[in-house]
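Below: entry_17.txt (compact mmCIF, C-alpha atoms and all ligand atoms)
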```txt
# COMPACT_ATOMS: atom_id res chain seq x y z
CA MET A 244 90.63 99.35 116.08
CA LEU A 245 91.57 102.95 116.71
CA GLU A 246 94.91 102.06 118.22
CA GLY A 247 96.38 105.12 119.83
CA PHE A 248 93.25 107.27 119.69
CA ASN A 249 93.38 107.82 123.44
CA GLN A 250 97.11 108.41 123.55
CA ASN A 251 99.26 111.44 122.99
CA VAL A 252 102.08 110.21 120.83
CA SER A 253 103.44 113.37 119.24
CA THR A 254 105.21 116.42 120.62
CA PHE A 255 102.27 118.72 119.89
CA ALA A 256 99.44 116.30 120.73
CA ALA A 257 99.18 117.70 124.28
CA ASP A 258 98.83 121.26 122.90
CA VAL A 259 96.10 120.17 120.50
CA ASP A 260 94.29 118.44 123.34
CA ARG A 261 94.63 121.51 125.57
CA ALA A 262 93.12 123.74 122.87
CA PHE A 263 90.32 121.20 122.45
CA TRP A 264 89.53 120.94 126.17
CA ILE A 265 89.66 124.70 126.76
CA THR A 266 87.19 125.26 123.91
CA THR A 267 85.00 122.39 125.08
CA GLY A 268 85.18 123.55 128.72
CA ILE A 269 84.15 127.11 127.85
CA SER A 270 81.33 125.78 125.64
CA ILE A 271 80.01 123.55 128.43
CA ALA A 272 80.19 126.40 130.98
CA MET A 273 78.34 128.75 128.60
CA PHE A 274 75.71 126.11 127.88
CA ILE A 275 75.07 125.54 131.59
CA LEU A 276 74.93 129.30 132.24
CA VAL A 277 72.51 130.06 129.36
CA ALA A 278 70.29 127.01 129.79
CA GLY A 279 70.26 127.46 133.59
CA LEU A 280 69.22 131.12 133.34
CA MET A 281 66.49 130.20 130.86
CA VAL A 282 65.05 127.62 133.23
CA LEU A 283 65.35 130.03 136.15
CA PHE A 284 63.54 132.80 134.24
CA ILE A 285 60.81 130.46 133.03
CA VAL A 286 60.09 129.41 136.61
CA ARG A 287 60.60 132.77 138.30
CA TYR A 288 58.65 134.85 135.78
CA HIS A 289 55.79 132.43 135.10
CA HIS A 290 52.60 134.51 134.68
CA SER A 291 51.08 132.95 137.82
CA ARG A 292 53.88 134.41 139.95
CA VAL A 293 53.98 137.91 138.48
CA GLU A 294 51.64 140.73 139.37
CA PRO A 295 50.79 143.12 136.51
CA GLY A 296 53.08 146.12 136.67
CA GLU A 297 55.55 144.34 138.91
CA ILE A 298 58.28 144.17 136.25
CA ARG A 299 60.03 147.37 135.34
CA ASN A 300 60.86 147.96 131.69
CA ILE A 301 64.65 148.41 131.54
CA ARG A 302 65.75 150.47 128.55
CA ASP A 303 69.51 149.99 128.89
CA HIS A 304 72.12 148.91 131.41
CA LEU A 305 75.67 150.06 130.72
CA GLY A 306 77.33 147.65 133.17
CA LEU A 307 75.54 144.65 131.66
CA GLU A 308 76.40 145.68 128.11
CA ILE A 309 80.07 146.12 128.95
CA ALA A 310 80.08 142.76 130.71
CA TRP A 311 78.57 140.81 127.81
CA THR A 312 80.90 142.49 125.35
CA VAL A 313 84.12 142.22 127.32
CA ILE A 314 83.75 138.71 128.77
CA PRO A 315 83.04 136.94 125.41
CA THR A 316 85.87 138.94 123.82
CA ILE A 317 88.29 137.71 126.46
CA LEU A 318 87.00 134.14 126.03
CA LEU A 319 87.41 134.46 122.25
CA PHE A 320 91.02 135.58 122.66
CA VAL A 321 91.71 132.69 125.05
CA ILE A 322 90.36 130.22 122.48
CA PHE A 323 92.27 131.99 119.71
CA TYR A 324 95.52 131.96 121.67
CA TYR A 325 95.50 128.23 122.40
CA GLY A 326 94.10 127.34 118.97
CA TYR A 327 96.55 129.54 117.10
CA THR A 328 99.70 128.56 118.99
CA SER A 329 99.09 124.82 118.54
CA PHE A 330 98.03 125.31 114.91
CA ARG A 331 101.21 127.31 114.27
CA ASP A 332 103.33 124.44 115.64
CA LEU A 333 101.41 121.95 113.51
CA ARG A 334 101.80 123.96 110.31
CA THR A 335 105.42 125.13 110.69
CA MET A 336 107.43 122.45 108.92
CA PRO A 337 110.75 121.76 110.66
CA GLY A 338 113.79 122.29 108.46
CA ASP A 339 115.70 119.21 109.66
CA ALA A 340 112.97 116.63 109.07
CA PHE A 341 113.20 113.14 107.61
CA THR A 342 110.93 113.33 104.56
CA VAL A 343 108.61 110.58 103.34
CA ASP A 344 106.40 110.79 100.24
CA VAL A 345 102.81 109.65 100.72
CA LEU A 346 100.55 108.55 97.89
CA GLY A 347 96.88 108.23 98.79
CA LYS A 348 94.74 106.55 96.19
CA ARG A 349 91.49 104.63 96.07
CA TRP A 350 91.95 102.79 98.44
CA SER A 351 95.40 102.44 99.85
CA TRP A 352 98.38 104.35 101.16
CA THR A 353 101.90 104.04 99.76
CA PHE A 354 104.97 105.46 101.49
CA THR A 355 108.18 106.20 99.59
CA TYR A 356 111.37 106.91 101.53
CA PRO A 357 114.35 109.02 100.41
CA ASN A 358 116.34 105.90 99.51
CA GLY A 359 113.58 104.55 97.25
CA LYS A 360 112.10 102.05 99.71
CA GLN A 361 108.36 101.74 99.29
CA THR A 362 105.98 100.39 101.92
CA ALA A 363 102.26 100.02 102.58
CA GLU A 364 102.75 100.90 106.25
CA LEU A 365 104.69 103.89 107.49
CA TYR A 366 107.83 103.21 109.55
CA VAL A 367 109.44 106.07 111.45
CA PRO A 368 112.06 106.45 114.20
CA VAL A 369 110.97 107.69 117.62
CA GLY A 370 111.90 111.24 118.64
CA LYS A 371 112.70 112.53 115.14
CA ASN A 372 110.95 115.15 113.07
CA ILE A 373 109.14 113.41 110.23
CA LYS A 374 107.71 115.39 107.33
CA LEU A 375 105.22 113.87 104.93
CA ILE A 376 104.76 115.20 101.41
CA MET A 377 101.40 113.92 100.28
CA GLY A 378 99.66 113.60 96.94
CA ALA A 379 97.14 111.55 94.98
CA PRO A 380 97.28 110.36 91.36
CA ASP A 381 95.60 112.56 88.74
CA GLY A 382 92.05 111.43 88.24
CA ASP A 383 91.79 110.12 91.79
CA VAL A 384 89.66 111.80 94.46
CA LEU A 385 90.19 113.68 97.72
CA HIS A 386 91.51 111.71 100.67
CA SER A 387 92.63 112.84 104.09
CA PHE A 388 95.60 111.48 105.98
CA PHE A 389 94.71 111.11 109.66
CA VAL A 390 96.74 109.70 112.55
CA PRO A 391 94.54 110.13 115.64
CA ALA A 392 97.37 109.29 118.06
CA PHE A 393 99.50 112.13 116.62
CA ARG A 394 96.56 114.58 116.31
CA VAL A 395 97.50 115.28 112.70
CA LYS A 396 95.13 115.36 109.75
CA GLU A 397 95.54 116.88 106.32
CA ASP A 398 93.75 116.48 103.00
CA VAL A 399 95.45 114.59 100.19
CA VAL A 400 94.55 116.19 96.87
CA PRO A 401 95.11 114.96 93.29
CA GLY A 402 97.44 117.25 91.38
CA ARG A 403 98.73 119.06 94.44
CA LYS A 404 101.23 118.42 97.24
CA THR A 405 100.18 118.88 100.85
CA HIS A 406 102.39 118.64 103.91
CA ILE A 407 102.22 117.41 107.44
CA TRP A 408 104.82 116.78 110.12
CA PHE A 409 105.13 115.10 113.50
CA ASN A 410 107.63 113.95 116.06
CA ALA A 411 106.47 110.71 117.65
CA THR A 412 107.31 110.36 121.32
CA LYS A 413 106.52 106.71 122.01
CA PRO A 414 107.29 103.50 120.08
CA GLY A 415 104.25 101.50 119.00
CA ARG A 416 101.84 100.88 116.15
CA TYR A 417 99.14 103.48 115.54
CA ASP A 418 96.26 103.75 113.10
CA ILE A 419 96.35 105.70 109.87
CA GLU A 420 92.90 106.44 108.50
CA CYS A 421 91.40 108.18 105.53
CA ALA A 422 89.22 110.96 106.94
CA GLU A 423 87.60 112.10 103.70
CA TYR A 424 84.79 110.06 102.13
CA CYS A 425 86.34 108.76 98.91
CA GLY A 426 84.06 106.00 97.65
CA LEU A 427 83.10 102.42 98.23
CA SER A 428 86.12 101.29 100.25
CA HIS A 429 86.79 104.55 102.09
CA SER A 430 86.30 102.83 105.43
CA LYS A 431 88.89 100.23 104.46
CA MET A 432 91.52 102.80 103.50
CA LEU A 433 93.51 102.04 106.61
CA SER A 434 97.15 101.56 107.37
CA LYS A 435 99.52 101.72 110.33
CA VAL A 436 102.36 103.94 111.37
CA GLU A 437 104.98 102.07 113.33
CA VAL A 438 107.17 104.17 115.60
CA MET A 439 110.45 102.30 116.10
CA GLN A 440 113.51 102.73 118.27
CA ALA A 441 116.06 104.73 116.29
CA ALA A 442 118.52 101.82 116.11
CA ASP A 443 115.82 99.40 114.86
CA PHE A 444 114.68 101.92 112.29
CA ASP A 445 118.22 102.59 111.06
CA ALA A 446 118.90 98.86 110.74
CA TRP A 447 115.72 98.35 108.73
CA TYR A 448 116.27 101.46 106.63
CA ALA A 449 119.77 100.38 105.67
CA SER A 450 118.60 96.84 104.90
CA ASP A 451 116.96 95.77 101.66
CA LYS A 452 113.83 94.57 103.46
CA LEU A 453 110.46 96.00 102.45
CA SER A 454 109.13 96.09 105.99
CA PRO A 455 110.87 95.41 109.31
CA HIS A 456 108.61 92.35 109.63
CA ASP A 457 109.69 90.88 106.29
CA THR A 458 111.79 87.79 106.30
CA ALA A 459 112.67 87.73 102.61
CA ALA A 460 114.17 90.87 101.17
CA PRO A 461 113.61 92.03 97.60
CA LYS A 462 116.86 92.67 95.74
CA SER A 463 115.83 95.71 93.74
CA GLN A 464 113.27 98.48 93.52
CA GLY A 465 111.81 96.65 90.52
CA GLU A 466 111.26 93.49 92.53
CA MET A 467 109.73 95.54 95.31
CA LEU A 468 107.29 97.12 92.86
CA TYR A 469 106.59 93.72 91.30
CA LYS A 470 105.39 92.57 94.72
CA THR A 471 103.69 95.71 96.03
CA LEU A 472 101.79 96.59 92.84
CA GLY A 473 100.34 93.10 92.60
CA CYS A 474 102.12 92.13 89.32
CA VAL A 475 103.07 88.92 91.14
CA SER A 476 99.48 87.63 91.09
CA CYS A 477 99.30 87.47 87.29
CA HIS A 478 102.88 87.31 85.95
CA SER A 479 105.11 84.44 87.00
CA LEU A 480 108.90 84.45 87.00
CA ASP A 481 109.25 80.75 86.22
CA GLY A 482 107.65 80.52 82.80
CA SER A 483 104.26 79.30 84.03
CA ILE A 484 101.17 81.12 82.81
CA ILE A 485 99.04 82.56 85.59
CA VAL A 486 96.80 85.23 84.08
CA GLY A 487 99.25 87.23 81.98
CA PRO A 488 102.48 86.32 80.18
CA SER A 489 105.35 85.10 82.35
CA PHE A 490 108.31 87.45 82.72
CA ALA A 491 110.77 84.56 82.35
CA GLY A 492 112.69 85.07 79.11
CA LEU A 493 110.17 87.65 77.94
CA PHE A 494 112.63 90.39 77.06
CA GLY A 495 113.92 90.23 73.50
CA LYS A 496 111.35 87.64 72.50
CA GLU A 497 109.35 88.03 69.29
CA VAL A 498 105.65 88.04 70.15
CA THR A 499 102.36 88.33 68.32
CA VAL A 500 100.19 91.15 69.62
CA THR A 501 96.87 92.71 68.69
CA THR A 502 97.20 96.46 68.21
CA GLY A 503 94.03 98.37 67.41
CA GLY A 504 92.32 95.20 66.20
CA LYS A 505 95.24 94.21 63.92
CA THR A 506 97.60 91.35 64.61
CA ARG A 507 101.31 92.07 64.26
CA ARG A 508 104.66 90.59 65.22
CA THR A 509 106.96 92.63 67.41
CA VAL A 510 110.03 92.23 69.59
CA VAL A 511 109.75 92.78 73.33
CA ASP A 512 112.13 95.70 73.89
CA ASP A 513 112.25 98.53 76.42
CA ALA A 514 109.62 100.58 74.59
CA TYR A 515 107.30 97.58 74.35
CA LEU A 516 107.58 96.85 78.09
CA GLU A 517 107.00 100.50 79.02
CA ARG A 518 103.91 100.60 76.84
CA ALA A 519 102.68 97.29 78.28
CA ILE A 520 102.81 98.78 81.78
CA ARG A 521 101.53 102.26 80.98
CA ALA A 522 98.86 101.37 78.43
CA PRO A 523 98.25 97.62 78.73
CA GLY A 524 95.38 97.74 76.25
CA ALA A 525 97.55 99.15 73.43
CA ASP A 526 99.17 95.83 72.46
CA VAL A 527 97.51 92.69 73.75
CA ALA A 528 99.68 89.58 73.59
CA GLU A 529 98.14 86.79 71.55
CA GLY A 530 96.33 84.20 73.64
CA PHE A 531 95.70 86.61 76.50
CA PRO A 532 92.45 88.48 77.14
CA ASP A 533 92.20 92.23 76.80
CA GLY A 534 91.08 94.50 79.63
CA VAL A 535 92.42 92.41 82.48
CA MET A 536 95.55 94.30 83.42
CA PRO A 537 94.99 97.57 85.27
CA ASP A 538 96.53 100.73 83.84
CA LEU A 539 99.42 101.48 86.19
CA SER A 540 100.39 104.81 84.64
CA GLY A 541 98.84 106.83 87.46
CA GLN A 542 100.57 104.82 90.17
CA ILE A 543 104.21 104.85 89.11
CA ASP A 544 106.55 107.56 87.98
CA ALA A 545 109.13 107.41 85.19
CA GLU A 546 111.85 106.13 87.52
CA GLN A 547 109.67 103.32 88.88
CA LEU A 548 108.69 102.40 85.34
CA LYS A 549 112.39 102.03 84.48
CA ALA A 550 112.91 99.92 87.62
CA LEU A 551 110.08 97.58 86.61
CA VAL A 552 111.36 97.28 83.05
CA THR A 553 114.84 96.52 84.41
CA PHE A 554 113.36 93.89 86.71
CA ILE A 555 111.51 92.24 83.80
CA LYS A 556 114.72 92.29 81.73
CA GLU A 557 116.55 90.58 84.59
CA GLN A 558 114.19 87.62 84.29
CA ASN A 559 116.05 86.39 81.22
CA GLY A 560 118.16 84.04 83.34
CA SER A 561 121.81 84.15 82.38
CA GLY A 562 121.13 86.60 79.58
CA GLY A 563 120.19 89.33 82.04
CA GLY A 564 123.37 91.29 81.36
CA ALA A 565 123.03 91.11 77.59
CA ALA A 566 119.88 93.12 77.47
CA PRO A 567 120.37 95.26 74.34
CA GLU A 568 121.18 92.28 72.11
CA THR A 569 117.83 91.53 70.63
CA ALA A 570 119.22 89.45 67.77
CA PRO A 571 120.33 86.35 69.72
CA HIS A 572 117.02 86.27 71.50
CA GLY A 573 115.22 86.77 68.22
CA GLU A 574 116.85 83.63 66.89
CA THR A 575 115.53 81.55 69.70
CA ALA A 576 112.16 83.21 69.49
CA PRO A 577 110.41 80.85 67.07
CA ALA A 578 110.70 78.03 69.57
CA ALA A 579 109.65 80.12 72.55
CA THR A 580 106.99 82.28 70.93
CA PRO A 581 103.81 80.27 71.36
CA THR A 582 104.08 80.55 75.15
CA PRO A 583 100.35 80.42 75.82
CA GLU A 584 100.02 77.29 73.72
CA PRO A 585 102.03 74.79 75.77
CA ALA A 586 99.74 75.56 78.68
CA ALA A 587 96.61 74.97 76.67
CA PRO A 588 97.20 71.39 75.43
CA LYS A 589 98.31 70.41 78.94
CA GLU A 590 95.00 71.56 80.36
CA ALA A 591 93.01 69.93 77.60
CA SER A 592 94.71 66.56 77.97
CA ALA A 593 93.80 66.03 81.64
CA ALA A 594 90.45 66.61 83.29
CA PRO A 595 90.67 70.00 84.99
CA ASP A 596 91.21 69.84 88.71
CA GLY A 597 89.94 72.69 90.89
CA ALA A 598 92.80 72.63 93.39
CA THR A 599 95.39 72.74 90.60
CA LEU A 600 93.56 75.59 88.88
CA PHE A 601 93.38 77.47 92.18
CA ASN A 602 97.16 77.25 92.45
CA THR A 603 98.10 77.83 88.83
CA LYS A 604 95.70 80.66 88.02
CA GLY A 605 96.86 82.83 90.89
CA CYS A 606 93.62 82.65 92.91
CA GLY A 607 95.72 82.11 96.04
CA ALA A 608 97.31 85.54 95.66
CA CYS A 609 94.03 87.17 96.67
CA HIS A 610 91.84 84.45 98.22
CA SER A 611 92.88 82.55 101.33
CA LEU A 612 91.73 79.06 102.25
CA ASP A 613 92.05 79.57 106.02
CA GLY A 614 89.50 82.32 106.64
CA SER A 615 92.03 85.17 106.63
CA LYS A 616 91.27 88.28 104.63
CA LYS A 617 93.47 89.06 101.63
CA LEU A 618 92.62 91.29 98.65
CA GLY A 619 89.53 89.19 98.01
CA PRO A 620 87.17 87.24 100.29
CA THR A 621 88.40 83.99 101.77
CA LEU A 622 87.05 80.83 100.13
CA LYS A 623 86.80 79.01 103.47
CA GLY A 624 83.15 78.40 104.29
CA LEU A 625 82.09 80.64 101.40
CA TYR A 626 79.70 78.15 99.80
CA GLY A 627 76.22 78.45 101.31
CA SER A 628 77.06 81.56 103.30
CA THR A 629 75.07 84.79 103.08
CA LEU A 630 76.91 87.77 101.63
CA THR A 631 76.17 91.44 101.15
CA VAL A 632 77.22 92.36 97.62
CA VAL A 633 77.17 95.59 95.67
CA THR A 634 75.44 95.19 92.30
CA ASP A 635 75.19 98.27 90.05
CA GLY A 636 75.86 100.48 93.07
CA LYS A 637 73.12 98.89 95.21
CA ASN A 638 73.64 96.61 98.20
CA ARG A 639 71.82 93.29 98.23
CA GLU A 640 71.99 90.02 100.16
CA VAL A 641 72.87 86.87 98.29
CA THR A 642 73.44 83.27 99.21
CA ALA A 643 76.71 81.94 97.83
CA ASP A 644 75.18 79.06 95.89
CA GLU A 645 76.58 77.30 92.87
CA ALA A 646 75.26 79.88 90.41
CA TYR A 647 76.77 82.68 92.48
CA LEU A 648 80.18 80.98 92.65
CA ARG A 649 80.12 80.40 88.91
CA SER A 650 79.27 84.01 88.07
CA SER A 651 81.82 85.32 90.58
CA VAL A 652 84.53 83.48 88.63
CA GLU A 653 83.24 84.36 85.15
CA THR A 654 82.24 87.99 85.74
CA PRO A 655 83.68 88.90 89.15
CA ASN A 656 82.93 92.59 88.87
CA ALA A 657 79.18 92.19 88.45
CA ASP A 658 78.68 91.63 92.19
CA ILE A 659 81.36 92.96 94.54
CA VAL A 660 81.31 91.61 98.08
CA GLU A 661 80.91 94.53 100.46
CA GLY A 662 84.23 95.84 101.69
CA PHE A 663 86.26 94.69 98.70
CA ALA A 664 87.48 96.80 95.81
CA PRO A 665 86.04 96.28 92.32
CA GLY A 666 88.20 95.83 89.23
CA LEU A 667 90.95 93.77 90.88
CA MET A 668 89.86 90.31 89.85
CA PRO A 669 90.28 89.44 86.19
CA PRO A 670 87.15 88.15 84.40
CA PHE A 671 88.06 84.47 84.28
CA GLY A 672 85.11 83.74 82.01
CA LYS A 673 87.34 85.03 79.21
CA MET A 674 90.26 82.84 80.21
CA LEU A 675 88.95 79.49 81.38
CA SER A 676 86.93 76.82 79.66
CA ALA A 677 83.49 75.85 80.94
CA GLU A 678 84.93 72.63 82.41
CA GLU A 679 87.64 74.55 84.24
CA ILE A 680 85.09 76.91 85.76
CA GLU A 681 82.96 73.94 86.87
CA ALA A 682 86.08 72.38 88.43
CA LEU A 683 86.74 75.58 90.36
CA VAL A 684 83.12 75.78 91.53
CA THR A 685 83.26 72.15 92.70
CA TYR A 686 86.54 72.88 94.48
CA MET A 687 85.09 75.93 96.25
CA LYS A 688 82.05 73.94 97.41
CA GLU A 689 84.35 71.49 99.15
CA LEU A 690 86.14 74.21 101.13
CA LYS A 691 84.35 74.13 104.43
CU1 LIG A 701 90.41 107.79 100.93
CU2 LIG A 701 88.43 108.01 102.23
```

Kindly transcribe the structure held in the file into structure tokens.
Amino acid sequence: MLEGFNQNVSTFAADVDRAFWITTGISIAMFILVAGLMVLFIVRYHHSRVEPGEIRNIRDHLGLEIAWTVIPTILLFVIFYYGYTSFRDLRTMPGDAFTVDVLGKRWSWTFTYPNGKQTAELYVPVGKNIKLIMGAPDGDVLHSFFVPAFRVKEDVVPGRKTHIWFNATKPGRYDIECAEYCGLSHSKMLSKVEVMQAADFDAWYASDKLSPHDTAAPKSQGEMLYKTLGCVSCHSLDGSIIVGPSFAGLFGKEVTVTTGGKTRRTVVDDAYLERAIRAPGADVAEGFPDGVMPDLSGQIDAEQLKALVTFIKEQNGSGGGAAPETAPHGETAPAATPTPEPAAPKEASAAPDGATLFNTKGCGACHSLDGSKKLGPTLKGLYGSTLTVVTDGKNREVTADEAYLRSSVETPNADIVEGFAPGLMPPFGKMLSAEEIEALVTYMKELK
């Protein structure tokens, strides 16, 4: 951890350090002087060593008064000079900077580049001025963007834009931390800034890859959002039902939804998709549980919403180009409408199998089987282990027994394993049958 904390990796890091060490040096010298004199006086003027009348009462001493006024004033100006000059460099935004937007939210960082690329880690070229424009979604809380190796730190405030800049001098990967307590997973609100050679950065920036370490490249901003926002864990592109409706052939289809408690038929058009993303509880597709999909309105802007809608429309196979024609799709709708139903009889006909459920219900998107940490705890060796969980805001120790595994599938947000974010896992108690939950519990017990 703390990669780069002991290094100076920005143009002004040395100035910040100098200001720090001058202040610290003066403070240490003053401490030694004051504490030393106190000890000296205590010893020298102990009552056993002083005869009555030996000590003169000094009323004033002009030389001493000038000295203790002038010397601290000079020291204050020295501290001010070094503090102010490095602060001025830090806060004067360069005009020719490469600008990246930063979104800090509970509990992650998102970086958006001028060409629309969006990443979870920050990638910058070495030796270039980089300016960050930072903000947080409305309704979020204060965060603070901190890169120790660059000696830069600035609060990230909902409803306001704050700025920071740096010019990294050495390629490498350095820590990004949140330096403002922002809730349960504050300590996990970490990311990396990767300083790359200019040529490597340019090649990545011009490519359609999400990160320089990606092997597969998303084709559009919509696909990028589909992956980075986590849509992928619940909405398939191949027609299979994970947690929510599949995007395959969704656009233009006639669906049955529950709106304000009433069931109605509607056609999936642009407005429907936008509403489904911005206010997922407004229309709930028949056969799917309410309250599972997070409200993404605070995390995406109008342009990103359009990109996602376009991406969903593109999942209509060959009909991707014929988006506005709702009629032809409407004709085929009766056959395709009961999407959730084909999945149901299939599950009922065969005895549920835990491994299959693990794969088809999207568990693997968040839970690894090899001990690695994803969005949720790994399932490897989980059964029988001791966990610290947060229940109603209080920490407690539990043993992951059968009852615990069952409740963690049915009502996952009742106990949140320490270090993981609440509200991410859908309540599968609403979506799976009792036999399916038992099959999953049995499966998890076998994962040593
Ligand atoms: Cu965000 Cu602490």

(message) Please find the residues contacting ligand LIG 701 (chain A) at a distance of at most 6 Å between atoms, with all atoms listed in the file counted, and report them as a PyMOL selection string.
(response) chain A and resi 349-350+386+421-425+429+432

Would you write out those residues with C-alpha atoms, as an mmCIF file, in the coordinates of the input?
```cif
data_model
loop_
_atom_site.group_PDB
_atom_site.id
_atom_site.type_symbol
_atom_site.label_atom_id
_atom_site.label_comp_id
_atom_site.auth_asym_id
_atom_site.auth_seq_id
_atom_site.Cartn_x
_atom_site.Cartn_y
_atom_site.Cartn_z
ATOM 1 C CA ARG A 349 91.490 104.630 96.070
ATOM 2 C CA TRP A 350 91.950 102.790 98.440
ATOM 3 C CA HIS A 386 91.510 111.710 100.670
ATOM 4 C CA CYS A 421 91.400 108.180 105.530
ATOM 5 C CA ALA A 422 89.220 110.960 106.940
ATOM 6 C CA GLU A 423 87.600 112.100 103.700
ATOM 7 C CA TYR A 424 84.790 110.060 102.130
ATOM 8 C CA CYS A 425 86.340 108.760 98.910
ATOM 9 C CA HIS A 429 86.790 104.550 102.090
ATOM 10 C CA MET A 432 91.520 102.800 103.500
#
```

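Nearest to A:Val367 of all the residues A:Lys413, A:Arg334, A:Lys431, A:Arg292 is A:Lys413, based on all atoms listed in the file.
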
(request) Counting all atoms listed in the file, figure out which residue out of A:Phe389, A:Trp311, A:Phe601, A:Trp408 gets nearest to A:Ile680. (result) A:Phe601

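Nearest to A:Ser540 of all the residues A:Lys348, A:Val552, A:Ile520, A:Leu690 is A:Ile520, based on only C-alpha atoms.
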
(message) What's around A:Arg394 at 12 Å? Count only C-alpha atoms, leave out sequence neighbours fewer than 4 positions away in its own chain, and write the answer as a PyMOL selection string.
(response) chain A and resi 247-263+329-330+332-333+388-390+407-411+417-420

(request) Pick out the residues sitting within 12 Å of A:Asn358, and hand them over as an MDAnalysis selection string; count all atoms listed in the file, and ignore anything fewer than 5 positions along from it in its own chain. (result) chainID A and resid 341:344 447:451 453 463:464

(message) Calculated over all atoms listed in the file, which of the candidates A:Glu497, A:Pro368, A:Lys673, A:Ala646 has the smallest distance to A:Phe444?
(response)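 Looking at the shortest contact to A:Phe444, the residue is A:Pro368.
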
(request) Please indicate the distance in Å from atom CA of A:Leu612 to atom CA of A:Phe354, rounded to one decimal place. (result)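 Result for atom CA of A:Leu612 versus atom CA of A:Phe354: 29.5 Å, one decimal.
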
(message) Which residues are close to stretch 436-443 of chain A, i.e. within 6 Å by all atoms listed in the file, leaving aside same-chain residues fewer than 5 positions away? Reply as a count of residues only.
(response) 10

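Rounded to one decimal, atom CA of A:Phe554 and atom CA of A:Glu466 lie 6.2 Å from each other.
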